[in-house]
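Input: a single structure, listed below in structure tokens.
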There are 2 protein chains.
Amino acid sequence: MAPAKVPETMRRGWIVPVGGAEKKDDNPVILRRFVNICGGAESRIAVIPTASELEDTGQRYEQLFLALGAGKARSLDYRRRSDTESPDLLKQLGKATGIFLTGGNQLRITTILGGTAVARSIRALNAAGVSVGGTSAGAAVLSEHMVAFGESGATPVAGRVTLAPGLGLTNRVVIDQHFRERDRIGRLLAALALNPFAVGVGLDEDTAAFIDPDDVLHVVGSGAVTIIDANQLEHSSMGSAESGQAICMTGLKLHILPGGGIFDLRQRVAQAPPGTLD
Amino acid sequence: MAPAKVPETMRRGWIVPVGGAEKKDDNPVILRRFVNICGGAESRIAVIPTASELEDTGQRYEQLFLALGAGKARSLDYRRRSDTESPDLLKQLGKATGIFLTGGNQLRITTILGGTAVARSIRALNAAGVSVGGTSAGAAVLSEHMVAFGESGATPVAGRVTLAPGLGLTNRVVIDQHFRERDRIGRLLAALALNPFAVGVGLDEDTAAFIDPDDVLHVVGSGAVTIIDANQLEHSSMGSAESGQAICMTGLKLHILPGGGIFDLRQRVAQAPPGTLD
């Protein structure tokens, strides 16, 4: 779905995809920063553990956010589509100053929440200033076009990546996670080859892209964010490639940004971190 | 070592790194094309199996080249540094119209042949018009700076790649092989981060870069060649990164070229394959 329109008097909230396996105990910079942008001691964070099949994922993040100084944290445990009609859960969601989607399987999120009042609420809340983050599967699902599944590898191959509609908070990026750890640059390239309008964002584990209301992306964490900008793509053979065939792409721009790095998604300009990393 | 000077009246031979696991029986386009550029029925191909610890690697390639129409093919089995002083083997090498280095461990090639009359002869022969190819380890070793070893992964990390001097037929490229299959874009990026003057060439298996005497690279095979051009690099943090830290690199150019694709290493211009692939 397309992002909800930001009301004229308001600013959109942050969009915060995390590459998975973010630090939770020893110096959890990503989760701490997420609590801060949601309002710190004043924050009310809604955790959506729908991607996970584990019973305690929601409770675990509730405790993590509270330990990091969140005012409130509540897990909204949507397990089937009928759960999304619960007026109590919707009311809880409506009070959130931040929403966080856990890891698991992104197709669980889209098949359970897709097209429901919950998905519409998340988009509307984000447009109205509520920050929305997610890790691993919860990161992939934030964009309009998400990678549902695909094969690992360094070069793109036709027919080896499957896109699906995500929650649609932004259409400026296509996100892939566990990037270095699962070697996914090929499948992200294949996703961009289908239509190069978006920016490819590959997130290493314990690394996040904090996308601010002006669409400037700030890298936080111990790994790197790989930015693939296909804006000046000279050629893509995706239109004529057969399944299994290597795809031709020329004229891509590539930036590798560790913590402190910045990428302006509107101007498409990368900026290295200042001399010292935080 | 630096490439030998090409005598004024001569043209350098081709330089042909192959990504490993090239097809040998069913339509072996790479090996066939190598035989053709070496002179076809008139060719005399010297096989150097030094990288391999298997007994029969040299014989296997002798038979393959003969089956593909080579005039002669002879394995020169350098197993220790003292073998490189054999006048008979040097004489055989001097008659070659093509030289092919097999796969195995590239450090076996450099430790056994480095600094010997054999390495000097290979450079001088290439400068005088003899084509030199190699697969896998035999590909890595063709350039002046070679990747000795490193870790897999999509993003570059300081201290996780080790360069070593190669045979030095060209200093325009740094080569990595088994590229998609072993997910090596991170280590190739790390190699370029050390000094971005060269072009990174990542070769998938069963895929070769045929570099002609004018330094135009022609892709042949079933996979793709990933070209990383750091010529317009805006920033590299390698100078200040600590071991294990993700490296920042901004402003890289990236091209993915399947069979039929072309990259001009002097002009640094990529060209997609014509409509139909061969």
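Each chain in the structure tokens gets a letter, A, B and so on, in the order shown; residues start at 1 in every chain, and ligands are counted from 1 in the order they appear.
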
Quiz prompt | Spatial neighbours of Pro3 in chain B, max dist 6 Å, only C-alpha atoms, sep filter under 6 positions, as a list of chain:residue names | solution =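 Answer for this query is B:Gly168, B:Leu169, B:Thr170.
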
Exercise. Could you tell me, as a ChimeraX atom specification, which residues of range 4-186 of chain A DSSP assigns to alpha helix (DSSP H) when given the backbone?
Key: /A:29-37,57-67,87-94,106-113,117-127,137-140,179-182,185-186

Quiz prompt | Nearest candidate to chain B (options A:Thr116, A:Gln245, A:Thr9, A:Thr162; using only C-alpha atoms) | solution =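 For chain B, the nearest of the given residues is A:Gln245.
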
Could you list, with a cut-off of 8 Å and counting only C-alpha atoms, the residues of chain B near chain A, each shown with its nearest atom pair and the distance in Å rounded to one decimal, rows sorted by chain and ascending number, as a tab-separated table?
residue	atom	partner	partner_atom	distance
B:Gly153	CA	A:Arg180	CA	4.7
B:Ala154	CA	A:Arg180	CA	4.3
B:Thr155	CA	A:Arg180	CA	5.5
B:Pro156	CA	A:Ile256	CA	8.0
B:Phe179	CA	A:Ala154	CA	6.5
B:Arg180	CA	A:Ala154	CA	4.3
B:Glu181	CA	A:Gly153	CA	6.2
B:Arg182	CA	A:Gly153	CA	7.4
B:Asp183	CA	A:Ala154	CA	5.2
B:Arg184	CA	A:Ala154	CA	7.0
B:Ile185	CA	A:Ala154	CA	6.3
B:Gly186	CA	A:Arg180	CA	7.9
B:Asp204	CA	A:Thr155	CA	7.9
B:Ser222	CA	A:Ala246	CA	7.5
B:Gly223	CA	A:Ala246	CA	5.6
B:Ala224	CA	A:Ala246	CA	5.8
B:Thr226	CA	A:Thr155	CA	7.2
B:His235	CA	A:Ala272	CA	6.8
B:Gln245	CA	A:Gly223	CA	7.4
B:Ala246	CA	A:Gly223	CA	5.6
B:Ile247	CA	A:Pro258	CA	6.5
B:Cys248	CA	A:Leu257	CA	4.9
B:Met249	CA	A:Ile256	CA	4.9
B:Thr250	CA	A:His255	CA	4.3
B:Gly251	CA	A:His255	CA	5.9
B:Leu252	CA	A:Leu254	CA	4.9
B:Lys253	CA	A:Lys253	CA	4.7
B:Leu254	CA	A:Leu252	CA	4.9
B:His255	CA	A:Thr250	CA	4.3
B:Ile256	CA	A:Met249	CA	4.9
B:Leu257	CA	A:Cys248	CA	4.9
B:Pro258	CA	A:Cys248	CA	5.7
B:Gly261	CA	A:Cys248	CA	7.9
B:Ala270	CA	A:Thr250	CA	6.4
B:Gln271	CA	A:Thr250	CA	7.4
B:Ala272	CA	A:Cys248	CA	6.7
B:Pro273	CA	A:Cys248	CA	8.0

Self-check item: Separation of CA of Ala119 in chain A from CA of Ile37 in chain A in Å
Solution: 21.4 Å

Quiz item: Quick one: residues within 9 Å of range 29-31 of chain B, only C-alpha atoms counted, chain neighbours fewer than 5 positions away excluded, as a list in words?
Solution: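 After dropping sequence-adjacent residues, the list is Val18, Glu22, Lys23, Lys24, Asn36, Leu64, Phe65, Leu68, Asp206, Thr207, Ala208, Val220 and Gly221 of chain B.
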
Write a file of the just-selected residues containing C-alpha atoms, as a CSV table (one decimal), in the first residue's frame.
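Okay, this is what ended up in selection_22.csv:
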chain,number,residue,atom,x,y,z
B,18,VAL,CA,38.1,-17.5,-15.0
B,22,GLU,CA,34.2,-23.6,-15.8
B,23,LYS,CA,32.3,-26.1,-18.0
B,24,LYS,CA,34.6,-28.8,-19.3
B,36,ASN,CA,41.0,-19.9,-30.1
B,64,LEU,CA,40.7,-30.8,-22.5
B,65,PHE,CA,42.6,-28.3,-24.6
B,68,LEU,CA,39.0,-28.5,-28.1
B,206,ASP,CA,31.8,-20.7,-15.1
B,207,THR,CA,32.4,-17.1,-16.0
B,208,ALA,CA,35.5,-15.4,-17.4
B,220,VAL,CA,32.1,-15.0,-21.4
B,221,GLY,CA,30.2,-17.8,-19.6

Quiz prompt | Picked from range 9-200 of chain B by DSSP as strand (DSSP E), as a PyMOL selection string | solution = chain B and resi 15-18+44-48+72-75+98-101+131-135+145-150+161-165+173-176+199-200

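Counting from CA of Arg120 in chain A, the distance to CA of Val141 in chain A is 13.8 Å.
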
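Proximity to Ser52 in chain B at 8 Å, evaluated using only C-alpha atoms and with sequence-adjacent residues fewer than 3 positions away removed, yields B:Pro49, B:Glu55, B:Thr57, B:Thr102, B:Gly103, B:Gly104, B:Asn105, B:Arg108.
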
Kindly export the residues of the current selection with all heavy atoms, as an mmCIF file, in the first residue's frame.
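Once written, again37.cif looks like this:
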data_model
loop_
_atom_site.group_PDB
_atom_site.id
_atom_site.type_symbol
_atom_site.label_atom_id
_atom_site.label_comp_id
_atom_site.auth_asym_id
_atom_site.auth_seq_id
_atom_site.Cartn_x
_atom_site.Cartn_y
_atom_site.Cartn_z
ATOM 1 N N PRO B 49 49.975 -26.425 -13.404
ATOM 2 C CA PRO B 49 49.053 -26.943 -12.382
ATOM 3 C C PRO B 49 49.565 -26.722 -10.963
ATOM 4 O O PRO B 49 49.115 -27.396 -10.045
ATOM 5 C CB PRO B 49 49.006 -28.434 -12.721
ATOM 6 C CG PRO B 49 50.384 -28.735 -13.216
ATOM 7 C CD PRO B 49 50.911 -27.472 -13.865
ATOM 8 N N GLU B 55 47.421 -34.898 -8.417
ATOM 9 C CA GLU B 55 48.435 -35.368 -9.359
ATOM 10 C C GLU B 55 48.042 -35.119 -10.810
ATOM 11 O O GLU B 55 48.891 -34.866 -11.658
ATOM 12 C CB GLU B 55 48.648 -36.884 -9.183
ATOM 13 C CG GLU B 55 49.407 -37.278 -7.922
ATOM 14 C CD GLU B 55 50.853 -36.819 -7.979
ATOM 15 O OE1 GLU B 55 51.467 -36.894 -9.055
ATOM 16 O OE2 GLU B 55 51.364 -36.351 -6.925
ATOM 17 N N THR B 57 45.818 -32.917 -12.327
ATOM 18 C CA THR B 57 45.205 -31.680 -12.811
ATOM 19 C C THR B 57 45.815 -31.239 -14.141
ATOM 20 O O THR B 57 45.100 -30.873 -15.077
ATOM 21 C CB THR B 57 45.355 -30.567 -11.760
ATOM 22 O OG1 THR B 57 44.786 -31.028 -10.528
ATOM 23 C CG2 THR B 57 44.640 -29.302 -12.201
ATOM 24 N N THR B 102 46.010 -23.551 -13.486
ATOM 25 C CA THR B 102 44.827 -24.233 -12.951
ATOM 26 C C THR B 102 44.458 -23.692 -11.567
ATOM 27 O O THR B 102 45.176 -22.884 -10.985
ATOM 28 C CB THR B 102 45.078 -25.747 -12.808
ATOM 29 O OG1 THR B 102 45.954 -25.960 -11.697
ATOM 30 C CG2 THR B 102 45.673 -26.334 -14.068
ATOM 31 N N GLY B 103 43.348 -24.186 -11.035
ATOM 32 C CA GLY B 103 42.911 -23.812 -9.701
ATOM 33 C C GLY B 103 43.641 -24.565 -8.610
ATOM 34 O O GLY B 103 44.470 -25.437 -8.890
ATOM 35 N N GLY B 104 43.330 -24.217 -7.376
ATOM 36 C CA GLY B 104 43.982 -24.820 -6.215
ATOM 37 C C GLY B 104 44.146 -23.743 -5.158
ATOM 38 O O GLY B 104 43.169 -23.109 -4.766
ATOM 39 N N ASN B 105 45.375 -23.480 -4.769
ATOM 40 C CA ASN B 105 45.652 -22.448 -3.771
ATOM 41 C C ASN B 105 46.601 -21.425 -4.382
ATOM 42 O O ASN B 105 47.725 -21.780 -4.765
ATOM 43 C CB ASN B 105 46.267 -23.116 -2.527
ATOM 44 C CG ASN B 105 46.708 -22.106 -1.485
ATOM 45 O OD1 ASN B 105 46.616 -20.893 -1.695
ATOM 46 N ND2 ASN B 105 47.189 -22.602 -0.367
ATOM 47 N N ARG B 108 50.189 -21.261 -3.280
ATOM 48 C CA ARG B 108 51.143 -22.242 -3.823
ATOM 49 C C ARG B 108 51.821 -21.663 -5.066
ATOM 50 O O ARG B 108 53.029 -21.799 -5.244
ATOM 51 C CB ARG B 108 50.437 -23.555 -4.178
ATOM 52 C CG ARG B 108 50.228 -24.494 -2.981
ATOM 53 C CD ARG B 108 49.532 -25.799 -3.396
ATOM 54 N NE ARG B 108 50.253 -26.536 -4.423
ATOM 55 C CZ ARG B 108 51.233 -27.407 -4.173
ATOM 56 N NH1 ARG B 108 51.610 -27.653 -2.935
ATOM 57 N NH2 ARG B 108 51.837 -28.033 -5.166
#

Quiz prompt | Residue neighbourhood Glu205 in chain A, 6 Å, only C-alpha atoms, exclusion window fewer than 3 positions, as a ChimeraX atom specification | solution = /A:19-21,178

Limited to C-alpha atoms, could you put the picked residues into a file as a tab-separated table (two decimals), in the first residue's frame?
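Below you can see again_26.tsv, which holds the result:
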chain	number	residue	atom	x	y	z
A	19	GLY	CA	18.92	-5.63	10.22
A	20	GLY	CA	18.12	-8.22	12.89
A	21	ALA	CA	20.09	-9.54	15.90
A	178	HIS	CA	20.91	-9.88	7.77

Self-check item: Residues near Ile211 in chain B, cut-off 6 Å, only C-alpha atoms, skip fewer than 3 positions along chain, as a VMD selection string
Solution: chain B and resid 14 to 16 215 to 217

Self-check item: Gly69 in chain B environment, 12 Å, only C-alpha atoms, sequence neighbours closer than 4 positions dropped, as number ranges by chain
Solution: B: 31-45, 62-65, 73

Store the residues picked out above in a file with all heavy atoms, as a short mmCIF file (atom, residue, chain, number, x, y, z; two decimals), in the first residue's frame.
data_model
loop_
_atom_site.label_atom_id
_atom_site.label_comp_id
_atom_site.auth_asym_id
_atom_site.auth_seq_id
_atom_site.Cartn_x
_atom_site.Cartn_y
_atom_site.Cartn_z
N LEU B 31 36.77 -22.37 -22.22
CA LEU B 31 38.02 -23.04 -22.61
C LEU B 31 38.19 -23.04 -24.13
O LEU B 31 39.30 -22.90 -24.65
CB LEU B 31 38.06 -24.46 -22.04
CG LEU B 31 38.08 -24.54 -20.50
CD1 LEU B 31 38.06 -26.00 -20.04
CD2 LEU B 31 39.29 -23.83 -19.91
N ARG B 32 37.06 -23.17 -24.84
CA ARG B 32 37.15 -23.16 -26.31
C ARG B 32 37.63 -21.80 -26.81
O ARG B 32 38.50 -21.72 -27.67
CB ARG B 32 35.79 -23.50 -26.92
CG ARG B 32 35.83 -23.57 -28.46
CD ARG B 32 34.47 -23.89 -29.06
NE ARG B 32 34.05 -25.24 -28.71
CZ ARG B 32 32.86 -25.55 -28.20
NH1 ARG B 32 31.96 -24.59 -27.96
NH2 ARG B 32 32.55 -26.80 -27.92
N ARG B 33 37.06 -20.74 -26.23
CA ARG B 33 37.49 -19.41 -26.66
C ARG B 33 38.96 -19.17 -26.30
O ARG B 33 39.69 -18.53 -27.05
CB ARG B 33 36.60 -18.35 -26.02
CG ARG B 33 36.94 -16.94 -26.45
CD ARG B 33 35.71 -16.09 -26.59
NE ARG B 33 36.03 -14.69 -26.80
CZ ARG B 33 35.14 -13.72 -26.74
NH1 ARG B 33 33.88 -14.00 -26.52
NH2 ARG B 33 35.49 -12.47 -26.94
N PHE B 34 39.38 -19.73 -25.16
CA PHE B 34 40.79 -19.57 -24.79
C PHE B 34 41.69 -20.23 -25.84
O PHE B 34 42.69 -19.66 -26.27
CB PHE B 34 41.05 -20.15 -23.39
CG PHE B 34 42.46 -19.91 -22.92
CD1 PHE B 34 42.88 -18.64 -22.53
CD2 PHE B 34 43.39 -20.94 -22.89
CE1 PHE B 34 44.18 -18.40 -22.13
CE2 PHE B 34 44.70 -20.71 -22.49
CZ PHE B 34 45.09 -19.44 -22.10
N VAL B 35 41.32 -21.45 -26.25
CA VAL B 35 42.10 -22.13 -27.29
C VAL B 35 42.15 -21.28 -28.56
O VAL B 35 43.21 -21.12 -29.18
CB VAL B 35 41.51 -23.53 -27.59
CG1 VAL B 35 42.15 -24.13 -28.84
CG2 VAL B 35 41.68 -24.45 -26.39
N ASN B 36 41.01 -20.69 -28.91
CA ASN B 36 40.97 -19.90 -30.15
C ASN B 36 41.88 -18.68 -30.09
O ASN B 36 42.60 -18.40 -31.04
CB ASN B 36 39.52 -19.48 -30.45
CG ASN B 36 38.70 -20.67 -30.92
OD1 ASN B 36 39.25 -21.71 -31.30
ND2 ASN B 36 37.38 -20.53 -30.87
N ILE B 37 41.86 -17.95 -28.96
CA ILE B 37 42.72 -16.75 -28.92
C ILE B 37 44.20 -17.13 -28.84
O ILE B 37 45.07 -16.31 -29.14
CB ILE B 37 42.37 -15.78 -27.75
CG1 ILE B 37 42.57 -16.45 -26.40
CG2 ILE B 37 40.95 -15.22 -27.90
CD1 ILE B 37 42.51 -15.47 -25.24
N CYS B 38 44.48 -18.39 -28.45
CA CYS B 38 45.88 -18.84 -28.41
C CYS B 38 46.35 -19.37 -29.78
O CYS B 38 47.51 -19.76 -29.92
CB CYS B 38 46.06 -19.92 -27.36
SG CYS B 38 45.79 -19.35 -25.68
N GLY B 39 45.44 -19.40 -30.74
CA GLY B 39 45.86 -19.80 -32.08
C GLY B 39 45.15 -21.04 -32.62
O GLY B 39 45.51 -21.54 -33.69
N GLY B 40 44.20 -21.58 -31.86
CA GLY B 40 43.42 -22.72 -32.35
C GLY B 40 44.31 -23.90 -32.70
O GLY B 40 45.11 -24.35 -31.88
N ALA B 41 44.21 -24.37 -33.92
CA ALA B 41 44.97 -25.56 -34.34
C ALA B 41 46.47 -25.30 -34.33
O ALA B 41 47.28 -26.24 -34.26
CB ALA B 41 44.52 -25.98 -35.73
N GLU B 42 46.85 -24.02 -34.36
CA GLU B 42 48.28 -23.68 -34.34
C GLU B 42 48.80 -23.46 -32.92
O GLU B 42 49.98 -23.16 -32.72
CB GLU B 42 48.53 -22.39 -35.14
CG GLU B 42 47.97 -22.39 -36.55
CD GLU B 42 48.64 -23.47 -37.38
OE1 GLU B 42 49.88 -23.58 -37.32
OE2 GLU B 42 47.89 -24.22 -38.06
N SER B 43 47.89 -23.53 -31.93
CA SER B 43 48.28 -23.14 -30.57
C SER B 43 49.18 -24.18 -29.90
O SER B 43 49.11 -25.38 -30.21
CB SER B 43 47.03 -22.92 -29.72
OG SER B 43 46.34 -24.14 -29.54
N ARG B 44 49.99 -23.70 -28.99
CA ARG B 44 50.79 -24.56 -28.10
C ARG B 44 50.52 -24.05 -26.69
O ARG B 44 51.01 -22.98 -26.33
CB ARG B 44 52.27 -24.44 -28.41
CG ARG B 44 52.63 -24.74 -29.87
CD ARG B 44 54.07 -24.33 -30.15
NE ARG B 44 55.01 -25.15 -29.41
CZ ARG B 44 55.68 -26.19 -29.92
NH1 ARG B 44 55.53 -26.51 -31.19
NH2 ARG B 44 56.51 -26.90 -29.18
N ILE B 45 49.73 -24.80 -25.93
CA ILE B 45 49.30 -24.30 -24.62
C ILE B 45 50.09 -24.97 -23.51
O ILE B 45 50.15 -26.19 -23.42
CB ILE B 45 47.78 -24.52 -24.42
CG1 ILE B 45 47.02 -23.74 -25.51
CG2 ILE B 45 47.34 -24.06 -23.03
CD1 ILE B 45 45.52 -23.89 -25.45
N GLU B 62 45.51 -30.73 -20.20
CA GLU B 62 46.14 -31.09 -21.49
C GLU B 62 45.08 -31.71 -22.40
O GLU B 62 44.92 -31.33 -23.56
CB GLU B 62 47.25 -32.13 -21.29
CG GLU B 62 48.58 -31.58 -20.82
CD GLU B 62 49.61 -32.72 -20.63
OE1 GLU B 62 49.27 -33.90 -20.88
OE2 GLU B 62 50.74 -32.41 -20.23
N GLN B 63 44.37 -32.72 -21.85
CA GLN B 63 43.38 -33.44 -22.65
C GLN B 63 42.22 -32.54 -23.07
O GLN B 63 41.76 -32.60 -24.22
CB GLN B 63 42.85 -34.64 -21.85
CG GLN B 63 43.88 -35.75 -21.72
CD GLN B 63 43.64 -36.67 -20.53
OE1 GLN B 63 42.56 -36.65 -19.94
NE2 GLN B 63 44.63 -37.47 -20.18
N LEU B 64 41.77 -31.67 -22.14
CA LEU B 64 40.67 -30.76 -22.47
C LEU B 64 41.05 -29.85 -23.62
O LEU B 64 40.29 -29.68 -24.58
CB LEU B 64 40.32 -29.90 -21.25
CG LEU B 64 39.49 -30.56 -20.14
CD1 LEU B 64 39.52 -29.72 -18.89
CD2 LEU B 64 38.05 -30.74 -20.64
N PHE B 65 42.24 -29.25 -23.56
CA PHE B 65 42.64 -28.31 -24.61
C PHE B 65 42.83 -29.03 -25.95
O PHE B 65 42.45 -28.51 -26.99
CB PHE B 65 43.92 -27.56 -24.20
CG PHE B 65 43.68 -26.52 -23.13
CD1 PHE B 65 44.48 -26.46 -21.98
CD2 PHE B 65 42.66 -25.59 -23.26
CE1 PHE B 65 44.25 -25.49 -21.01
CE2 PHE B 65 42.42 -24.62 -22.29
CZ PHE B 65 43.23 -24.57 -21.15
N ALA B 73 49.37 -29.27 -26.20
CA ALA B 73 49.12 -28.86 -24.82
C ALA B 73 50.06 -29.67 -23.94
O ALA B 73 50.14 -30.89 -24.08
CB ALA B 73 47.67 -29.11 -24.43
#

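Coordinates place CA of Val199 in chain B at a distance of 18.3 Å from CA of Gly134 in chain B.
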